[in-house]
Structure formats: C-alpha cells, structure tokens
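Below is run.txt, which holds compact mmCIF, N, CA and C atoms.
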# COMPACT_ATOMS: atom_id res chain seq x y z
N MET W 218 37.11 -50.43 27.13
CA MET W 218 36.33 -51.63 27.38
C MET W 218 37.24 -52.81 27.72
N ILE W 219 38.51 -52.70 27.39
CA ILE W 219 39.45 -53.79 27.61
C ILE W 219 40.47 -53.39 28.67
N VAL W 220 40.81 -54.34 29.53
CA VAL W 220 41.84 -54.16 30.54
C VAL W 220 42.97 -55.14 30.23
N HIS W 221 44.19 -54.69 30.43
CA HIS W 221 45.35 -55.57 30.23
C HIS W 221 45.63 -56.33 31.51
N GLN W 222 45.73 -57.63 31.37
CA GLN W 222 46.01 -58.51 32.50
C GLN W 222 47.29 -59.27 32.19
N ILE W 223 48.10 -59.48 33.21
CA ILE W 223 49.31 -60.28 33.06
C ILE W 223 49.04 -61.63 33.70
N SER W 224 49.32 -62.69 32.95
CA SER W 224 49.26 -64.05 33.50
C SER W 224 50.70 -64.50 33.66
N ILE W 225 51.06 -64.78 34.90
CA ILE W 225 52.44 -65.14 35.24
C ILE W 225 52.46 -66.61 35.65
N PHE W 226 53.35 -67.36 35.05
CA PHE W 226 53.46 -68.78 35.35
C PHE W 226 54.55 -68.95 36.41
N ILE W 227 54.13 -69.41 37.59
CA ILE W 227 55.08 -69.55 38.69
C ILE W 227 55.07 -70.99 39.21
N GLU W 228 56.24 -71.47 39.55
CA GLU W 228 56.36 -72.82 40.11
C GLU W 228 55.73 -72.85 41.49
N ASN W 229 55.17 -74.00 41.83
CA ASN W 229 54.59 -74.18 43.17
C ASN W 229 55.70 -74.54 44.16
N LYS W 230 56.53 -73.55 44.47
CA LYS W 230 57.57 -73.75 45.47
C LYS W 230 57.81 -72.43 46.19
N SER W 231 58.31 -72.54 47.38
CA SER W 231 58.52 -71.37 48.23
C SER W 231 59.41 -70.32 47.55
N GLY W 232 58.97 -69.07 47.60
CA GLY W 232 59.78 -67.96 47.10
C GLY W 232 59.45 -67.48 45.71
N THR W 233 58.75 -68.27 44.90
CA THR W 233 58.50 -67.85 43.52
C THR W 233 57.51 -66.69 43.45
N LEU W 234 56.47 -66.72 44.25
CA LEU W 234 55.52 -65.60 44.29
C LEU W 234 56.20 -64.35 44.84
N LEU W 235 57.00 -64.54 45.88
CA LEU W 235 57.71 -63.40 46.47
C LEU W 235 58.61 -62.72 45.45
N ARG W 236 59.27 -63.49 44.61
CA ARG W 236 60.15 -62.92 43.58
C ARG W 236 59.38 -61.97 42.67
N VAL W 237 58.19 -62.39 42.24
CA VAL W 237 57.35 -61.54 41.39
C VAL W 237 56.94 -60.27 42.13
N LEU W 238 56.47 -60.43 43.35
CA LEU W 238 56.02 -59.27 44.14
C LEU W 238 57.17 -58.31 44.44
N GLU W 239 58.35 -58.84 44.69
CA GLU W 239 59.52 -57.98 44.92
C GLU W 239 59.88 -57.19 43.66
N LEU W 240 59.77 -57.82 42.49
CA LEU W 240 60.03 -57.10 41.24
C LEU W 240 59.05 -55.95 41.07
N PHE W 241 57.77 -56.20 41.37
CA PHE W 241 56.78 -55.13 41.28
C PHE W 241 57.12 -54.02 42.27
N LYS W 242 57.50 -54.39 43.48
CA LYS W 242 57.85 -53.40 44.51
C LYS W 242 59.04 -52.55 44.06
N GLU W 243 60.10 -53.21 43.61
CA GLU W 243 61.31 -52.50 43.17
C GLU W 243 61.03 -51.54 42.02
N ASN W 244 60.07 -51.89 41.18
CA ASN W 244 59.76 -51.07 40.01
C ASN W 244 58.54 -50.17 40.21
N ARG W 245 58.08 -50.10 41.47
CA ARG W 245 56.96 -49.23 41.85
C ARG W 245 55.72 -49.46 40.98
N ILE W 246 55.39 -50.73 40.80
CA ILE W 246 54.20 -51.13 40.06
C ILE W 246 53.15 -51.52 41.08
N GLN W 247 52.02 -50.84 41.05
CA GLN W 247 50.97 -51.05 42.04
C GLN W 247 50.00 -52.14 41.60
N LEU W 248 49.79 -53.13 42.46
CA LEU W 248 48.79 -54.15 42.20
C LEU W 248 47.40 -53.56 42.43
N ILE W 249 46.48 -53.87 41.54
CA ILE W 249 45.08 -53.48 41.71
C ILE W 249 44.28 -54.71 42.12
N ALA W 250 44.52 -55.83 41.46
CA ALA W 250 43.86 -57.09 41.80
C ALA W 250 44.73 -58.23 41.33
N SER W 251 44.59 -59.37 42.01
CA SER W 251 45.32 -60.56 41.57
C SER W 251 44.63 -61.80 42.08
N THR W 252 44.88 -62.89 41.39
CA THR W 252 44.33 -64.18 41.78
C THR W 252 45.29 -65.26 41.31
N ILE W 253 45.34 -66.35 42.05
CA ILE W 253 46.18 -67.48 41.67
C ILE W 253 45.31 -68.72 41.51
N SER W 254 45.50 -69.40 40.39
CA SER W 254 44.91 -70.73 40.23
C SER W 254 46.10 -71.67 40.06
N ASP W 255 45.97 -72.87 40.59
CA ASP W 255 47.14 -73.73 40.55
C ASP W 255 46.86 -75.11 39.98
N THR W 256 47.96 -75.71 39.55
CA THR W 256 47.98 -77.11 39.16
C THR W 256 49.03 -77.76 40.06
N VAL W 257 49.39 -78.97 39.80
CA VAL W 257 50.36 -79.66 40.65
C VAL W 257 51.73 -79.01 40.58
N GLU W 258 52.15 -78.59 39.39
CA GLU W 258 53.52 -78.12 39.21
C GLU W 258 53.68 -76.60 39.16
N TYR W 259 52.65 -75.89 38.76
CA TYR W 259 52.80 -74.44 38.64
C TYR W 259 51.46 -73.76 38.91
N GLY W 260 51.56 -72.46 39.14
CA GLY W 260 50.36 -71.66 39.33
C GLY W 260 50.28 -70.61 38.24
N ILE W 261 49.08 -70.15 37.97
CA ILE W 261 48.90 -69.02 37.07
C ILE W 261 48.46 -67.85 37.95
N TYR W 262 49.32 -66.87 38.03
CA TYR W 262 49.09 -65.68 38.85
C TYR W 262 48.60 -64.59 37.91
N ARG W 263 47.30 -64.30 37.96
CA ARG W 263 46.72 -63.27 37.10
C ARG W 263 46.72 -61.95 37.85
N VAL W 264 47.23 -60.90 37.17
CA VAL W 264 47.45 -59.62 37.82
C VAL W 264 46.88 -58.48 36.98
N ILE W 265 46.17 -57.60 37.64
CA ILE W 265 45.80 -56.30 37.09
C ILE W 265 46.64 -55.30 37.87
N CYS W 266 47.37 -54.45 37.16
CA CYS W 266 48.28 -53.53 37.85
C CYS W 266 48.31 -52.16 37.18
N SER W 267 49.05 -51.25 37.81
CA SER W 267 49.07 -49.86 37.37
C SER W 267 49.71 -49.66 36.00
N GLU W 268 50.71 -50.41 35.66
CA GLU W 268 51.41 -50.25 34.38
C GLU W 268 51.64 -51.63 33.77
N PRO W 269 50.61 -52.22 33.17
CA PRO W 269 50.72 -53.61 32.74
C PRO W 269 51.79 -53.87 31.68
N VAL W 270 51.97 -52.99 30.74
CA VAL W 270 52.97 -53.23 29.70
C VAL W 270 54.37 -53.17 30.30
N ARG W 271 54.62 -52.17 31.14
CA ARG W 271 55.94 -52.08 31.79
C ARG W 271 56.16 -53.26 32.73
N ALA W 272 55.13 -53.65 33.47
CA ALA W 272 55.23 -54.80 34.37
C ALA W 272 55.59 -56.07 33.60
N TYR W 273 54.94 -56.26 32.46
CA TYR W 273 55.22 -57.41 31.60
C TYR W 273 56.69 -57.40 31.17
N GLU W 274 57.18 -56.23 30.76
CA GLU W 274 58.57 -56.11 30.32
C GLU W 274 59.55 -56.39 31.46
N VAL W 275 59.24 -55.92 32.66
CA VAL W 275 60.07 -56.18 33.84
C VAL W 275 60.15 -57.69 34.10
N LEU W 276 59.01 -58.36 34.03
CA LEU W 276 58.98 -59.81 34.26
C LEU W 276 59.79 -60.56 33.21
N LYS W 277 59.60 -60.20 31.95
CA LYS W 277 60.33 -60.88 30.86
C LYS W 277 61.83 -60.69 31.02
N LYS W 278 62.24 -59.45 31.36
CA LYS W 278 63.66 -59.16 31.55
C LYS W 278 64.25 -59.99 32.69
N ALA W 279 63.42 -60.30 33.69
CA ALA W 279 63.86 -61.11 34.83
C ALA W 279 63.79 -62.61 34.53
N GLY W 280 63.36 -62.97 33.32
CA GLY W 280 63.28 -64.37 32.94
C GLY W 280 62.06 -65.10 33.47
N ILE W 281 61.03 -64.36 33.81
CA ILE W 281 59.81 -64.95 34.32
C ILE W 281 58.82 -65.10 33.18
N SER W 282 58.25 -66.29 33.05
CA SER W 282 57.30 -66.58 31.98
C SER W 282 55.96 -65.88 32.26
N ALA W 283 55.56 -65.02 31.33
CA ALA W 283 54.33 -64.25 31.50
C ALA W 283 53.71 -63.94 30.14
N ASN W 284 52.40 -63.74 30.16
CA ASN W 284 51.66 -63.32 28.96
C ASN W 284 50.85 -62.08 29.30
N LEU W 285 50.74 -61.20 28.35
CA LEU W 285 49.90 -60.01 28.49
C LEU W 285 48.66 -60.27 27.65
N SER W 286 47.50 -60.17 28.26
CA SER W 286 46.27 -60.45 27.52
C SER W 286 45.20 -59.42 27.82
N ASP W 287 44.20 -59.40 26.96
CA ASP W 287 43.07 -58.50 27.13
C ASP W 287 41.92 -59.24 27.80
N VAL W 288 41.35 -58.61 28.81
CA VAL W 288 40.19 -59.15 29.50
C VAL W 288 39.15 -58.03 29.63
N PHE W 289 37.96 -58.41 30.00
CA PHE W 289 36.91 -57.43 30.25
C PHE W 289 36.86 -57.11 31.73
N ALA W 290 36.53 -55.88 32.04
CA ALA W 290 36.27 -55.47 33.42
C ALA W 290 35.03 -54.60 33.40
N ILE W 291 34.06 -54.97 34.21
CA ILE W 291 32.85 -54.14 34.31
C ILE W 291 32.63 -53.75 35.76
N MET W 292 32.10 -52.56 35.92
CA MET W 292 31.84 -52.01 37.25
C MET W 292 30.37 -52.21 37.58
N LEU W 293 30.13 -52.62 38.82
CA LEU W 293 28.77 -52.89 39.27
C LEU W 293 28.46 -52.08 40.53
N ASP W 294 27.20 -51.71 40.69
CA ASP W 294 26.78 -51.10 41.95
C ASP W 294 26.95 -52.12 43.06
N ASN W 295 27.23 -51.64 44.24
CA ASN W 295 27.46 -52.52 45.39
C ASN W 295 26.12 -52.94 46.01
N HIS W 296 25.42 -53.81 45.28
CA HIS W 296 24.14 -54.36 45.73
C HIS W 296 24.10 -55.84 45.41
N PRO W 297 23.52 -56.65 46.30
CA PRO W 297 23.43 -58.08 46.03
C PRO W 297 22.74 -58.37 44.69
N GLY W 298 23.29 -59.29 43.93
CA GLY W 298 22.68 -59.72 42.67
C GLY W 298 23.17 -59.03 41.42
N ARG W 299 23.96 -57.97 41.56
CA ARG W 299 24.43 -57.25 40.36
C ARG W 299 25.36 -58.11 39.50
N ALA W 300 26.19 -58.94 40.13
CA ALA W 300 27.07 -59.82 39.36
C ALA W 300 26.23 -60.84 38.59
N ALA W 301 25.21 -61.39 39.24
CA ALA W 301 24.33 -62.36 38.57
C ALA W 301 23.66 -61.72 37.36
N ASP W 302 23.22 -60.48 37.51
CA ASP W 302 22.57 -59.78 36.39
C ASP W 302 23.52 -59.64 35.21
N ALA W 303 24.75 -59.22 35.49
CA ALA W 303 25.73 -59.02 34.41
C ALA W 303 26.06 -60.34 33.72
N VAL W 304 26.30 -61.38 34.50
CA VAL W 304 26.62 -62.69 33.93
C VAL W 304 25.44 -63.23 33.13
N ARG W 305 24.23 -63.00 33.61
CA ARG W 305 23.03 -63.45 32.89
C ARG W 305 22.96 -62.80 31.50
N HIS W 306 23.22 -61.51 31.41
CA HIS W 306 23.18 -60.82 30.11
C HIS W 306 24.13 -61.48 29.11
N ILE W 307 25.32 -61.81 29.57
CA ILE W 307 26.34 -62.38 28.68
C ILE W 307 26.01 -63.84 28.37
N SER W 308 25.66 -64.60 29.38
CA SER W 308 25.34 -66.02 29.20
C SER W 308 24.12 -66.23 28.31
N ALA W 309 23.16 -65.31 28.38
CA ALA W 309 21.94 -65.44 27.58
C ALA W 309 22.23 -65.44 26.08
N GLU W 310 23.38 -64.92 25.70
CA GLU W 310 23.77 -64.89 24.29
C GLU W 310 24.59 -66.11 23.90
N GLY W 311 24.65 -67.10 24.78
CA GLY W 311 25.39 -68.32 24.48
C GLY W 311 26.89 -68.18 24.63
N ILE W 312 27.33 -67.14 25.32
CA ILE W 312 28.75 -66.90 25.53
C ILE W 312 29.18 -67.62 26.81
N ALA W 313 30.30 -68.34 26.73
CA ALA W 313 30.83 -69.05 27.90
C ALA W 313 31.97 -68.25 28.53
N PHE W 314 32.06 -68.32 29.84
CA PHE W 314 33.14 -67.67 30.58
C PHE W 314 34.31 -68.63 30.71
N SER W 315 35.51 -68.16 30.34
CA SER W 315 36.73 -68.96 30.53
C SER W 315 37.16 -68.89 31.99
N TYR W 316 37.08 -67.69 32.57
CA TYR W 316 37.32 -67.48 33.99
C TYR W 316 36.76 -66.13 34.38
N LEU W 317 36.60 -65.94 35.68
CA LEU W 317 36.06 -64.69 36.22
C LEU W 317 36.57 -64.54 37.64
N TYR W 318 36.92 -63.33 38.02
CA TYR W 318 37.20 -63.02 39.42
C TYR W 318 36.66 -61.63 39.69
N SER W 319 36.45 -61.35 40.96
CA SER W 319 35.84 -60.07 41.32
C SER W 319 36.51 -59.49 42.55
N PHE W 320 36.31 -58.19 42.73
CA PHE W 320 36.84 -57.50 43.89
C PHE W 320 36.09 -56.18 44.05
N MET W 321 36.27 -55.54 45.19
CA MET W 321 35.66 -54.23 45.44
C MET W 321 36.73 -53.16 45.27
N LEU W 322 36.35 -52.06 44.65
CA LEU W 322 37.27 -50.95 44.46
C LEU W 322 36.46 -49.66 44.37
N GLY W 323 36.83 -48.69 45.17
CA GLY W 323 36.12 -47.41 45.14
C GLY W 323 34.64 -47.55 45.45
N GLY W 324 34.28 -48.52 46.30
CA GLY W 324 32.89 -48.73 46.67
C GLY W 324 32.05 -49.41 45.60
N LYS W 325 32.69 -49.89 44.56
CA LYS W 325 32.00 -50.58 43.46
C LYS W 325 32.52 -52.00 43.33
N GLY W 326 31.67 -52.87 42.85
CA GLY W 326 32.10 -54.22 42.52
C GLY W 326 32.73 -54.23 41.14
N ILE W 327 33.81 -54.95 40.98
CA ILE W 327 34.48 -55.07 39.69
C ILE W 327 34.52 -56.55 39.31
N LEU W 328 34.01 -56.87 38.13
CA LEU W 328 34.12 -58.23 37.58
C LEU W 328 35.17 -58.20 36.48
N VAL W 329 36.13 -59.07 36.57
CA VAL W 329 37.15 -59.23 35.53
C VAL W 329 36.94 -60.62 34.95
N PHE W 330 36.87 -60.70 33.62
CA PHE W 330 36.58 -62.00 33.03
C PHE W 330 37.06 -62.09 31.59
N ARG W 331 37.14 -63.33 31.15
CA ARG W 331 37.46 -63.64 29.75
C ARG W 331 36.39 -64.59 29.27
N THR W 332 35.99 -64.44 28.02
CA THR W 332 34.95 -65.29 27.44
C THR W 332 35.47 -66.00 26.20
N ASP W 333 34.63 -66.87 25.67
CA ASP W 333 35.02 -67.60 24.46
C ASP W 333 34.65 -66.84 23.18
N ASP W 334 34.06 -65.64 23.31
CA ASP W 334 33.67 -64.86 22.14
C ASP W 334 33.80 -63.37 22.44
N THR W 335 34.99 -62.84 22.18
CA THR W 335 35.30 -61.45 22.51
C THR W 335 34.38 -60.46 21.80
N GLU W 336 34.18 -60.63 20.51
CA GLU W 336 33.38 -59.67 19.75
C GLU W 336 31.92 -59.67 20.21
N GLN W 337 31.35 -60.83 20.43
CA GLN W 337 29.97 -60.91 20.89
C GLN W 337 29.84 -60.33 22.31
N THR W 338 30.85 -60.56 23.13
CA THR W 338 30.84 -60.00 24.49
C THR W 338 30.86 -58.48 24.43
N LYS W 339 31.67 -57.91 23.56
CA LYS W 339 31.69 -56.44 23.40
C LYS W 339 30.31 -55.93 23.01
N LYS W 340 29.67 -56.64 22.10
CA LYS W 340 28.35 -56.25 21.63
C LYS W 340 27.34 -56.27 22.78
N VAL W 341 27.35 -57.32 23.59
CA VAL W 341 26.43 -57.43 24.72
C VAL W 341 26.70 -56.32 25.74
N ILE W 342 27.95 -56.06 26.02
CA ILE W 342 28.30 -55.00 26.98
C ILE W 342 27.75 -53.66 26.51
N CYS W 343 27.87 -53.38 25.22
CA CYS W 343 27.34 -52.13 24.67
C CYS W 343 25.81 -52.11 24.69
N GLU W 344 25.19 -53.18 24.21
CA GLU W 344 23.73 -53.23 24.13
C GLU W 344 23.07 -53.14 25.51
N LYS W 345 23.65 -53.79 26.49
CA LYS W 345 23.08 -53.81 27.85
C LYS W 345 23.59 -52.66 28.70
N GLN W 346 24.42 -51.81 28.10
CA GLN W 346 24.97 -50.63 28.76
C GLN W 346 25.64 -50.98 30.09
N LEU W 347 26.42 -52.04 30.06
CA LEU W 347 27.21 -52.41 31.23
C LEU W 347 28.39 -51.44 31.34
N ALA W 348 28.77 -51.13 32.54
CA ALA W 348 29.82 -50.12 32.78
C ALA W 348 31.20 -50.75 32.60
N ALA W 349 31.64 -50.82 31.35
CA ALA W 349 32.95 -51.40 31.03
C ALA W 349 34.05 -50.43 31.40
N LEU W 350 35.15 -50.98 31.87
CA LEU W 350 36.31 -50.18 32.27
C LEU W 350 37.49 -50.51 31.37
N ASP W 351 38.38 -49.54 31.23
CA ASP W 351 39.66 -49.80 30.59
C ASP W 351 40.75 -49.61 31.65
N ASP W 352 42.01 -49.76 31.27
CA ASP W 352 43.11 -49.66 32.23
C ASP W 352 43.07 -48.34 32.99
N GLU W 353 42.89 -47.24 32.28
CA GLU W 353 42.92 -45.92 32.89
C GLU W 353 41.77 -45.73 33.88
N ALA W 354 40.56 -46.15 33.50
CA ALA W 354 39.41 -46.01 34.39
C ALA W 354 39.57 -46.85 35.65
N LEU W 355 40.11 -48.04 35.50
CA LEU W 355 40.31 -48.92 36.65
C LEU W 355 41.35 -48.33 37.60
N LEU W 356 42.42 -47.80 37.06
CA LEU W 356 43.45 -47.17 37.88
C LEU W 356 42.90 -45.93 38.58
N SER W 357 42.06 -45.16 37.90
CA SER W 357 41.45 -43.97 38.51
C SER W 357 40.58 -44.35 39.70
N LEU W 358 39.82 -45.43 39.57
CA LEU W 358 39.01 -45.91 40.70
C LEU W 358 39.91 -46.26 41.88
N GLY W 359 41.00 -46.94 41.60
CA GLY W 359 41.94 -47.32 42.65
C GLY W 359 42.58 -46.12 43.32
N ASN W 360 42.92 -45.12 42.53
CA ASN W 360 43.53 -43.91 43.10
C ASN W 360 42.52 -43.14 43.94
N ALA W 361 41.26 -43.11 43.51
CA ALA W 361 40.22 -42.44 44.28
C ALA W 361 40.02 -43.15 45.60
N ASP W 362 40.12 -44.48 45.59
CA ASP W 362 39.97 -45.28 46.81
C ASP W 362 41.10 -44.98 47.79
N ASP W 363 42.32 -44.74 47.27
CA ASP W 363 43.47 -44.46 48.12
C ASP W 363 43.35 -43.13 48.86
N THR W 364 42.61 -42.17 48.28
CA THR W 364 42.54 -40.85 48.88
C THR W 364 41.36 -40.67 49.81
N GLU W 365 40.45 -41.64 49.85
CA GLU W 365 39.31 -41.51 50.74
C GLU W 365 39.75 -41.52 52.19
N GLY W 366 39.19 -40.61 52.96
CA GLY W 366 39.45 -40.57 54.38
C GLY W 366 40.79 -39.95 54.75
N LYS W 367 41.51 -39.38 53.80
CA LYS W 367 42.80 -38.76 54.10
C LYS W 367 42.65 -37.27 54.24
Turn the structure described in the file into structure tokens.
Amino acid sequence: MIVHQISIFIENKSGTLLRVLELFKENRIQLIASTISDTVEYGIYRVICSEPVRAYEVLKKAGISANLSDVFAIMLDNHPGRAADAVRHISAEGIAFSYLYSFMLGGKGILVFRTDDTEQTKKVICEKQLAALDDEALLSLGNADDTEGK
C-alpha cells in the first residue's frame, strides 16, 4: 500500500538536476515518475524509481540532500473522472492532501500522494477497495509497459 519516494533538494541553477540524473544513470536506477516543485532558491525533485533505498544511498554518498519517505500510490482505470472519484473518497473523510501527482503507466492512471492522516487514509483505501500499489507492484507495471509491442 506504500511506495517509497525520494525527495531531493536541488539548487535552482544549471547542472544540478543533470547531476542527479547522471548518478541514476551511472547506477542503473530507472525512473518511474518524477516531478519538481520550486521555490526561489531550490527545488524539490520528487522521484519514484526502481530501487529507492539504493538510490537514496547513492545520493547521500554523493553529498546530495535527500529524504526517503512513504507515499500512497493507487491505480485507476483509464477513464475520465476516476481521479476525482478517488480523491472524493479520501476528502469525504476530512483528510487533506499535502501534494499529489499523476501519470500513466501500463495503460492505467497512477495517483501518487501524501495526506495529513496516514492511518485514516489507509483505512479509506481499504474500505473503498482502491487499488493501492507498493514499490514492487509499481515496478511490475512499468516493466510490463516496457515489453508491450516488442
């Protein structure tokens, strides 16, 4: 039900994002999804990848400021309104979203998010039978996507 996400703090200057991506490349760590939010001085680069614990260790060894955290990932059918339905279930319980991003993988919509109440969110996901993913399930979807059409 939980996916490991790395939040990487990068300066808003040329080359800092490339340094992170080159480290992942050199260590054969596959990106599954990523997003950047920025402030004036730095950005927060949130990453879901193939080996999050090893990726975190690689970054720390390189002196890059990063945190490893748990987030939720749920899989949705590829139909308009499915994200709204999922968010409605969680919001109806008075749970607030800290952040959310989405992407398509293996023909399915994936919502990645963090809330202000982890335990209540887990309960809602179970009660509403939302298709929660863990690291392994998310990676499997990505690998299945890579083999389509080959």
TODO: Pull the strand (DSSP E) assignments for segment 219-360 of chain W out of DSSP run on the backbone, and list those residues as an MDAnalysis selection string.
DONE: chainID W and resid 219:228 248:255 259:266 283:293 314:322 325:332 348:349
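The point (45.8, -57.8, 30.7) has these residues within 7 Å of it when all atoms listed in the file are used: Val220, His221, Gln222, Ile223, Ser224, Val264, Ile265, Pro269, Asn284, Leu285, Ser286, Asp287 and Val288 of chain W.
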TODO: To one decimal in Å, tell me the separation between atom C of Ile261 of chain W and atom CA of Lys325 of chain W.
DONE: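 Between these atoms lies a distance of 24.5 Å.
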- [ ] For each of W:Thr338, W:Ser282, W:Arg236, W:Ile249, take the minimum atom-to-atom distance to Gly359 of chain W, counting all atoms listed in the file, then give the residue where this is smallest.
- [x]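 Counting all atoms listed in the file, the residue closest to Gly359 of chain W is W:Ile249.
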- [ ] Excluding segment 303-318 of chain W and any residue of its chain fewer than 4 positions from it, enumerate the residues within 6 Å of it, using only N, CA and C atoms, and give them as number ranges by chain.
- [x] W: 299, 327-334
With N, CA and C atoms retained, export the selected residues as a PDB file, keeping the file's coordinate frame.
ATOM      1  N   ARG W 299      23.960 -57.970  41.560  1.00  0.00           N
ATOM      2  CA  ARG W 299      24.430 -57.250  40.360  1.00  0.00           C
ATOM      3  C   ARG W 299      25.360 -58.110  39.500  1.00  0.00           C
ATOM      4  N   ILE W 327      33.810 -54.950  40.980  1.00  0.00           N
ATOM      5  CA  ILE W 327      34.480 -55.070  39.690  1.00  0.00           C
ATOM      6  C   ILE W 327      34.520 -56.550  39.310  1.00  0.00           C
ATOM      7  N   LEU W 328      34.010 -56.870  38.130  1.00  0.00           N
ATOM      8  CA  LEU W 328      34.120 -58.230  37.580  1.00  0.00           C
ATOM      9  C   LEU W 328      35.170 -58.200  36.480  1.00  0.00           C
ATOM     10  N   VAL W 329      36.130 -59.070  36.570  1.00  0.00           N
ATOM     11  CA  VAL W 329      37.150 -59.230  35.530  1.00  0.00           C
ATOM     12  C   VAL W 329      36.940 -60.620  34.950  1.00  0.00           C
ATOM     13  N   PHE W 330      36.870 -60.700  33.620  1.00  0.00           N
ATOM     14  CA  PHE W 330      36.580 -62.000  33.030  1.00  0.00           C
ATOM     15  C   PHE W 330      37.060 -62.090  31.590  1.00  0.00           C
ATOM     16  N   ARG W 331      37.140 -63.330  31.150  1.00  0.00           N
ATOM     17  CA  ARG W 331      37.460 -63.640  29.750  1.00  0.00           C
ATOM     18  C   ARG W 331      36.390 -64.590  29.270  1.00  0.00           C
ATOM     19  N   THR W 332      35.990 -64.440  28.020  1.00  0.00           N
ATOM     20  CA  THR W 332      34.950 -65.290  27.440  1.00  0.00           C
ATOM     21  C   THR W 332      35.470 -66.000  26.200  1.00  0.00           C
ATOM     22  N   ASP W 333      34.630 -66.870  25.670  1.00  0.00           N
ATOM     23  CA  ASP W 333      35.020 -67.600  24.460  1.00  0.00           C
ATOM     24  C   ASP W 333      34.650 -66.840  23.180  1.00  0.00           C
ATOM     25  N   ASP W 334      34.060 -65.640  23.310  1.00  0.00           N
ATOM     26  CA  ASP W 334      33.670 -64.860  22.140  1.00  0.00           C
ATOM     27  C   ASP W 334      33.800 -63.370  22.440  1.00  0.00           C
TER      28      ASP W 334
END
Open item on the list: Here is a test: counting all atoms listed in the file, which residue of W:Leu355, W:Gly232, W:Lys345, W:Val237 is nearest to Leu276 of chain W?
Closed with: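 Of W:Leu355, W:Gly232, W:Lys345, W:Val237, the one nearest Leu276 of chain W is W:Val237, counting all atoms listed in the file.
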Task: Within 6 Å of Leu350 of chain W using all atoms listed in the file, minus same-chain residues under 2 positions, as an MDAnalysis selection string - done: chainID W and resid 218:220 290:292 348 352 354:355
Open item on the list: I need the residues of segment 255-317 of chain W that end up classed as alpha helix (DSSP H) by DSSP on the backbone, written out as a ChimeraX atom specification.
Closed with: /W:269-278,299-308
Open item on the list: With distances taken over only C-alpha atoms, which residue among W:Ser231, W:Ser267, W:Gln337, W:Asn295 lies nearest Arg245 of chain W?
Closed with: W:Ser267
TODO: Using atom CA of Ile342 of chain W and atom N of His296 of chain W as the two end points, give the distance in Å to one decimal.
DONE: 18.6 Å
Open item on the list: Considering all atoms listed in the file, can you say which of W:Leu235, W:Leu358, W:Thr256, W:Val341 comes closest to Leu322 of chain W?
Closed with: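 Residue with the minimum atom-to-atom distance to Leu322 of chain W: W:Leu358.
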Open item on the list: Rounded to one decimal, what separation in Å do you get between atom CA of Tyr262 of chain W and atom CA of Leu234 of chain W?
Closed with: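 It comes out at 8.4 Å.
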Task: Asn229 of chain W environment, 7 Å, only C-alpha atoms, sequence neighbours closer than 3 positions dropped, as a PyMOL selection string - done: chain W and resi 258-260
